[in-house]
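This is run.txt (compact mmCIF, C-alpha atoms).
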# COMPACT_ATOMS: atom_id res chain seq x y z
CA MET A 9 1.39 -7.87 5.89
CA ASP A 10 0.01 -10.41 8.35
CA ALA A 11 2.21 -11.53 11.26
CA ALA A 12 2.26 -15.04 9.79
CA VAL A 13 3.74 -13.71 6.54
CA TYR A 14 6.54 -11.92 8.44
CA GLU A 15 7.28 -15.10 10.39
CA GLN A 16 7.43 -17.20 7.24
CA MET A 17 9.68 -14.60 5.61
CA ARG A 18 12.07 -14.71 8.55
CA ALA A 19 12.20 -18.50 8.40
CA VAL A 20 12.98 -18.88 4.69
CA GLU A 21 14.55 -15.67 3.36
CA GLU A 22 18.13 -16.97 3.62
CA THR A 23 17.47 -20.15 1.62
CA HIS A 24 14.24 -19.84 -0.42
CA TRP A 25 15.00 -19.62 -4.14
CA TRP A 26 13.07 -16.38 -4.69
CA PHE A 27 14.82 -14.44 -1.93
CA ARG A 28 18.26 -15.86 -2.81
CA ALA A 29 18.05 -15.12 -6.51
CA ARG A 30 16.37 -11.75 -6.08
CA ARG A 31 19.35 -10.56 -4.01
CA SER A 32 21.51 -11.14 -7.11
CA ILE A 33 19.14 -8.87 -9.03
CA LEU A 34 19.13 -6.26 -6.26
CA ARG A 35 22.93 -6.15 -6.21
CA VAL A 36 22.88 -5.31 -9.94
CA LEU A 37 20.31 -2.55 -9.36
CA VAL A 38 22.29 -0.95 -6.55
CA ARG A 39 25.43 -0.98 -8.70
CA LYS A 40 23.48 0.68 -11.51
CA ALA A 41 22.56 3.48 -9.11
CA GLU A 42 26.31 4.12 -8.69
CA PRO A 43 26.30 5.05 -4.99
CA PRO A 44 29.34 7.05 -3.85
CA PRO A 45 32.03 5.45 -1.69
CA GLN A 46 30.76 4.97 1.87
CA ALA A 47 27.24 5.81 0.75
CA ARG A 48 24.39 6.47 3.16
CA LEU A 49 21.67 3.92 2.38
CA LEU A 50 18.14 3.44 3.66
CA GLU A 51 15.90 0.43 3.11
CA VAL A 52 12.25 1.26 3.73
CA GLY A 53 9.85 -1.57 4.57
CA CYS A 54 12.81 -3.86 5.21
CA GLY A 55 10.74 -6.70 6.68
CA THR A 56 12.97 -9.03 8.69
CA GLY A 57 16.13 -7.62 7.13
CA GLY A 58 17.23 -10.22 4.61
CA ASN A 59 18.57 -7.56 2.20
CA LEU A 60 20.50 -5.56 4.78
CA PRO A 61 23.77 -7.56 4.59
CA LEU A 62 23.76 -6.98 0.82
CA LEU A 63 23.24 -3.24 1.24
CA LYS A 64 26.06 -3.04 3.80
CA GLU A 65 28.45 -3.90 0.96
CA PHE A 66 27.85 -0.37 -0.34
CA GLY A 67 28.03 1.78 2.79
CA ALA A 68 26.31 2.68 6.04
CA VAL A 69 22.79 1.27 6.20
CA SER A 70 19.69 2.38 8.08
CA ALA A 71 16.32 0.65 7.95
CA LEU A 72 12.69 1.67 8.36
CA GLU A 73 10.05 -0.89 9.31
CA PRO A 74 6.55 -0.46 10.82
CA ASN A 75 6.25 -3.99 12.24
CA SER A 76 7.52 -4.23 15.83
CA GLU A 77 8.37 -7.96 15.71
CA ALA A 78 10.39 -7.47 12.53
CA ARG A 79 12.26 -4.55 14.12
CA ARG A 80 13.02 -6.65 17.19
CA TYR A 81 14.41 -9.46 15.02
CA ILE A 82 16.61 -7.05 13.04
CA ALA A 83 17.97 -5.45 16.20
CA GLU A 84 18.96 -8.86 17.53
CA HIS A 85 20.36 -10.44 14.36
CA ARG A 86 21.33 -7.83 11.74
CA ARG A 87 23.30 -5.18 13.66
CA VAL A 88 21.69 -2.44 11.61
CA ARG A 89 19.90 0.63 12.91
CA VAL A 90 16.19 0.06 12.35
CA ASP A 91 13.65 2.79 13.04
CA GLU A 92 9.90 2.74 13.45
CA GLY A 93 8.08 4.62 10.75
CA ARG A 94 5.40 4.54 8.11
CA LEU A 95 4.98 6.13 4.69
CA PRO A 96 4.12 8.79 3.76
CA ASP A 97 3.88 10.91 6.91
CA ALA A 98 5.80 9.13 9.69
CA VAL A 99 9.36 9.13 8.35
CA PRO A 100 11.89 9.98 11.10
CA TYR A 101 14.72 11.41 8.97
CA PRO A 102 15.52 14.96 7.89
CA PRO A 103 15.57 15.91 4.20
CA GLY A 104 18.69 14.94 2.25
CA SER A 105 19.76 12.22 4.69
CA PHE A 106 20.64 9.51 2.17
CA ASP A 107 22.48 8.86 -1.07
CA LEU A 108 20.36 5.81 -1.86
CA VAL A 109 16.85 4.89 -0.76
CA CYS A 110 15.71 1.33 -1.47
CA ALA A 111 12.10 0.16 -1.56
CA PHE A 112 12.07 -3.52 -2.47
CA ASP A 113 8.49 -4.73 -3.02
CA VAL A 114 7.05 -1.97 -0.84
CA ILE A 115 5.24 0.54 -3.06
CA GLU A 116 2.54 -1.94 -4.08
CA HIS A 117 1.40 -2.13 -0.43
CA LEU A 118 0.78 1.59 -0.03
CA ASP A 119 -2.57 3.38 -0.08
CA ASP A 120 -0.84 6.60 -1.21
CA PRO A 121 2.01 5.57 -3.53
CA ILE A 122 2.55 9.04 -5.00
CA GLY A 123 2.65 10.73 -1.60
CA SER A 124 4.98 8.01 -0.31
CA LEU A 125 7.34 8.32 -3.28
CA THR A 126 7.35 12.10 -2.79
CA ALA A 127 8.34 11.54 0.85
CA LEU A 128 11.18 9.23 -0.22
CA GLY A 129 12.39 11.82 -2.71
CA ARG A 130 12.78 14.35 0.09
CA LEU A 131 15.19 11.99 1.85
CA LEU A 132 17.66 11.99 -1.04
CA GLY A 133 20.72 14.18 -1.29
CA PRO A 134 21.49 16.25 -4.43
CA ASP A 135 22.66 13.24 -6.48
CA GLY A 136 20.59 10.63 -4.65
CA ARG A 137 18.84 7.69 -6.23
CA LEU A 138 15.73 5.65 -5.51
CA VAL A 139 16.04 1.91 -6.21
CA ALA A 140 12.73 0.05 -6.17
CA THR A 141 11.10 -3.20 -7.22
CA VAL A 142 7.39 -3.94 -7.53
CA PRO A 143 5.26 -6.88 -8.70
CA ALA A 144 4.28 -6.50 -12.35
CA LEU A 145 1.50 -7.41 -14.76
CA PRO A 146 -1.97 -6.69 -13.35
CA TRP A 147 -3.39 -9.69 -15.23
CA MET A 148 -1.25 -11.91 -12.97
CA TRP A 149 -3.23 -10.85 -9.88
CA SER A 150 -3.79 -13.88 -7.62
CA GLU A 151 -4.41 -15.08 -4.08
CA HIS A 152 -0.70 -14.45 -3.46
CA ASP A 153 -1.31 -10.70 -3.89
CA VAL A 154 -4.29 -10.80 -1.55
CA ARG A 155 -2.33 -12.69 1.13
CA HIS A 156 0.51 -10.17 0.94
CA HIS A 157 -1.89 -7.19 1.08
CA HIS A 158 -0.90 -5.83 -2.31
CA LYS A 159 -2.94 -2.88 -3.56
CA ARG A 160 -1.82 -3.20 -7.18
CA ARG A 161 0.56 -4.78 -9.67
CA TYR A 162 2.40 -2.42 -12.02
CA THR A 163 3.22 -1.96 -15.67
CA ARG A 164 6.07 0.18 -16.98
CA ARG A 165 3.54 2.87 -17.83
CA SER A 166 1.79 2.93 -14.45
CA LEU A 167 5.02 2.84 -12.43
CA THR A 168 6.50 5.62 -14.54
CA ALA A 169 3.34 7.69 -14.03
CA HIS A 170 3.55 7.33 -10.24
CA LEU A 171 7.25 8.19 -10.20
CA GLU A 172 6.84 11.25 -12.40
CA ALA A 173 3.88 12.49 -10.35
CA ALA A 174 6.15 12.25 -7.29
CA GLY A 175 8.89 14.34 -8.90
CA PHE A 176 11.20 11.58 -10.19
CA ALA A 177 12.75 10.90 -13.57
CA VAL A 178 13.36 7.28 -14.55
CA GLY A 179 17.03 6.48 -15.06
CA TYR A 180 16.64 2.74 -15.64
CA MET A 181 13.64 0.44 -15.73
CA SER A 182 13.30 -3.23 -16.62
CA TYR A 183 11.06 -6.18 -16.01
CA PHE A 184 12.64 -9.22 -14.38
CA ASN A 185 11.70 -12.71 -13.20
CA THR A 186 11.12 -13.41 -16.87
CA LEU A 187 12.34 -16.98 -17.34
CA LEU A 188 9.86 -18.33 -14.80
CA LEU A 189 6.91 -16.32 -16.13
CA PRO A 190 5.45 -19.15 -18.28
CA ALA A 191 5.51 -21.56 -15.33
CA ALA A 192 3.89 -18.92 -13.08
CA VAL A 193 1.11 -18.32 -15.62
CA LEU A 194 0.36 -22.03 -15.81
CA GLN A 195 0.47 -22.46 -12.04
CA ARG A 196 -1.82 -19.52 -11.25
CA THR A 197 -4.25 -20.44 -14.03
CA ALA A 198 -4.48 -24.00 -12.71
CA LYS A 199 -5.10 -22.75 -9.18
CA LYS A 200 -7.94 -20.50 -10.33
CA LEU A 201 -9.56 -23.25 -12.42
CA LEU A 202 -9.27 -25.85 -9.66
CA GLY A 203 -9.99 -23.52 -6.75
CA LEU A 204 -6.68 -24.34 -5.05
CA ARG A 205 -5.13 -22.14 -2.35
CA ALA A 206 -1.66 -23.68 -2.11
CA ASP A 207 1.03 -21.51 -0.46
CA ASP A 208 3.33 -19.91 -3.06
CA ASP A 209 5.83 -19.02 -0.32
CA ALA A 210 6.37 -22.52 1.05
CA MET A 211 9.88 -23.97 0.75
CA PRO A 212 9.99 -26.41 -2.20
CA PRO A 213 12.04 -29.62 -2.16
CA LEU A 214 15.80 -28.99 -2.10
CA TRP A 215 16.38 -30.04 -5.71
CA LEU A 216 13.59 -27.81 -7.00
CA ASN A 217 14.63 -24.90 -4.78
CA SER A 218 18.18 -25.09 -6.16
CA ALA A 219 16.98 -25.35 -9.76
CA LEU A 220 14.63 -22.37 -9.46
CA ALA A 221 17.32 -20.25 -7.79
CA TRP A 222 19.83 -21.13 -10.52
CA LEU A 223 17.38 -20.24 -13.29
CA PHE A 224 16.25 -16.97 -11.73
CA GLU A 225 19.84 -15.89 -11.07
CA ARG A 226 20.66 -16.23 -14.79
CA GLU A 227 18.84 -12.91 -15.26
CA ALA A 228 21.29 -10.88 -13.17
CA PRO A 229 24.11 -10.79 -15.80
CA TRP A 230 21.54 -9.94 -18.47
CA LEU A 231 20.28 -6.96 -16.47
CA GLU A 232 23.85 -5.72 -16.11
CA ARG A 233 23.83 -4.99 -19.85
CA ARG A 234 20.23 -4.58 -21.04
CA ARG A 235 16.54 -4.72 -20.16
CA LEU A 236 14.01 -7.55 -20.17
CA PRO A 237 10.73 -6.96 -22.04
CA ILE A 238 8.32 -8.70 -19.64
CA GLY A 239 8.40 -10.40 -16.27
CA LEU A 240 6.68 -10.96 -12.95
CA SER A 241 8.48 -7.95 -11.41
CA LEU A 242 9.64 -4.46 -12.36
CA ALA A 243 12.87 -2.78 -11.25
CA VAL A 244 13.63 0.92 -11.41
CA VAL A 245 16.45 3.33 -10.61
CA ALA A 246 14.95 6.82 -10.38
CA LEU A 247 16.38 10.29 -9.81
CA PRO A 248 14.74 13.40 -8.38
CA ARG A 249 13.74 15.61 -11.30
CA GLY A 250 16.35 18.32 -11.69
CA SER A 251 19.17 16.14 -10.35
CA THR A 252 22.62 17.53 -11.16
CA SER A 253 23.60 14.17 -12.67
CA LEU A 254 21.42 11.94 -14.83
CA ALA A 255 23.98 9.16 -15.29
CA VAL A 256 22.68 5.74 -14.26
CA GLY A 257 24.60 2.53 -14.75
CA ASN A 258 27.48 2.00 -17.18
CA GLY A 259 28.04 5.74 -17.44
CA ARG A 260 24.84 6.45 -19.39
CA SER A 261 23.92 10.14 -19.28
CA ARG A 262 20.35 10.10 -20.50
CA VAL A 263 17.09 9.57 -18.71
CA ASP A 264 15.33 6.34 -19.64
CA GLN A 265 12.30 6.72 -21.85
CA ALA A 266 9.73 4.35 -20.33
Please express the file's structure as structure tokens.
Amino acid sequence: MDAAVYEQMRAVEETHWWFRARRSILRVLVRKAEPPPQARLLEVGCGTGGNLPLLKEFGAVSALEPNSEARRYIAEHRRVRVDEGRLPDAVPYPPGSFDLVCAFDVIEHLDDPIGSLTALGRLLGPDGRLVATVPALPWMWSEHDVRHHHKRRYTRRSLTAHLEAAGFAVGYMSYFNTLLLPAAVLQRTAKKLLGLRADDDAMPPLWLNSALAWLFEREAPWLERRRLPIGLSLAVVALPRGSTSLAVGNGRSRVDQA
């Protein structure tokens, strides 16, 4: 991503409705992965580290980030080990180093998603899990994706294909950011028709920011129990194929059929 995007992320990720509410979703996903007590966790592509305090609730956290300014900010403010690295070939950890690897809105940026997912799989211990989110629905492609240097938006089918090609089985997969999908469709359609380039990441007025956060967060309890059929994002908990345990979330013992 551009340096300006990192700087804007750092400035708003504690208070912006999307970051705030998404952390509620991420907490659900990590719980579904059922990390062991005092788990070893890694967040790859951690940006300026807004998710790291959440992950520290579950164990010892390491972070991987290619951007030097973002690493400097994390070192000064997050008290988390952050390493320089880049997927798929510049990953500075030995095989089996982690119980949980998290890639939150990372895979869509990568030129080699299958090779990168394969590299992440090597980092997992015998019962390790990958927890990932990606932007969904290719027909929602917009200037926002261009600005954030996305290579693709995913469907359930395409994300499952990439995971399986990398040696994973899907334990849980669901769309999310569903309730705001109609508003996003209208907004992006209007921008295309009118040729507008307004900044989707800008902080909205306080009342609107609070309302959007409240609405988005309503999805977290739903995802605790079931899946959502469509949404602006996809979430997945995946297991290396051949894992000794296929249980994911609520004690289920079958692999999800995506």
Rounded to one decimal, what separation in Å do you get between CA of Arg137 in chain A and CA of Arg233 in chain A?
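Taking CA of Arg137 in chain A and CA of Arg233 in chain A, their separation equals 19.3 Å.
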With only C-alpha atoms as the basis for distance, which of A:His156, A:Arg48, A:Arg87, A:Arg165 is at the shortest distance from Leu108 in chain A?
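Closest to Leu108 in chain A of all the choices is A:Arg48.
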Rank nothing, just name the residue among A:Gln195, A:Asn185, A:Thr56, A:Asn75 nearest to Arg30 in chain A, using all atoms listed in the file.
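Closest candidate: A:Asn185.
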Near-range 78-85 of chain A list (8 Å; all atoms listed in the file; drop same-chain fewer than 5 positions) as a list in words:
Tyr14, Gly55, Thr56, Gly57, Glu73, Val90, Asp91 and Glu92 of chain A
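If you measure from each of A:Leu128, A:Lys159, A:Trp26, A:Val69 to Ala219 in chain A using only C-alpha atoms, the closest one turns out to be A:Trp26.
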Could you check how far CA of Glu65 in chain A sits from CA of Arg226 in chain A, in Å to one decimal?
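Separation between CA of Glu65 in chain A and CA of Arg226 in chain A: 21.5 Å.
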List as number ranges by chain the protein and nucleic acid residues near range 237-253 of chain A, meaning an atom at most 6 Å away when only C-alpha atoms are counted, but skip any in the same chain fewer than 2 places from it.
A: 135, 137-144, 175-186, 255
If you count all atoms listed in the file, the residue of A:Ser150, A:Lys64, A:Gly58, A:Arg89 closest to Ala198 in chain A turns out to be A:Ser150
Counting only C-alpha atoms, figure out which residue out of A:Glu172, A:Asp97, A:Asp107, A:Glu21 gets nearest to Pro45 in chain A.
A:Asp107
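Our summary of the geometry notes that CA of Leu62 in chain A is positioned 7.5 Å from CA of Arg31 in chain A.
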Give the answer as one residue: which of A:Glu116, A:Glu77, A:Leu132, A:Asn59 has the shortest atom-to-atom distance to Arg35 in chain A, using all atoms listed in the file?
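Looking only at the distances to Arg35 in chain A, the closest residue turns out to be A:Asn59.
Using all atoms listed in the file, the residues found no farther than 12 Å from Pro213 in chain A, other than those of its own chain fewer than 5 positions away, are Thr23, His24, Trp25, Ser218, Ala219 and Leu220 of chain A.
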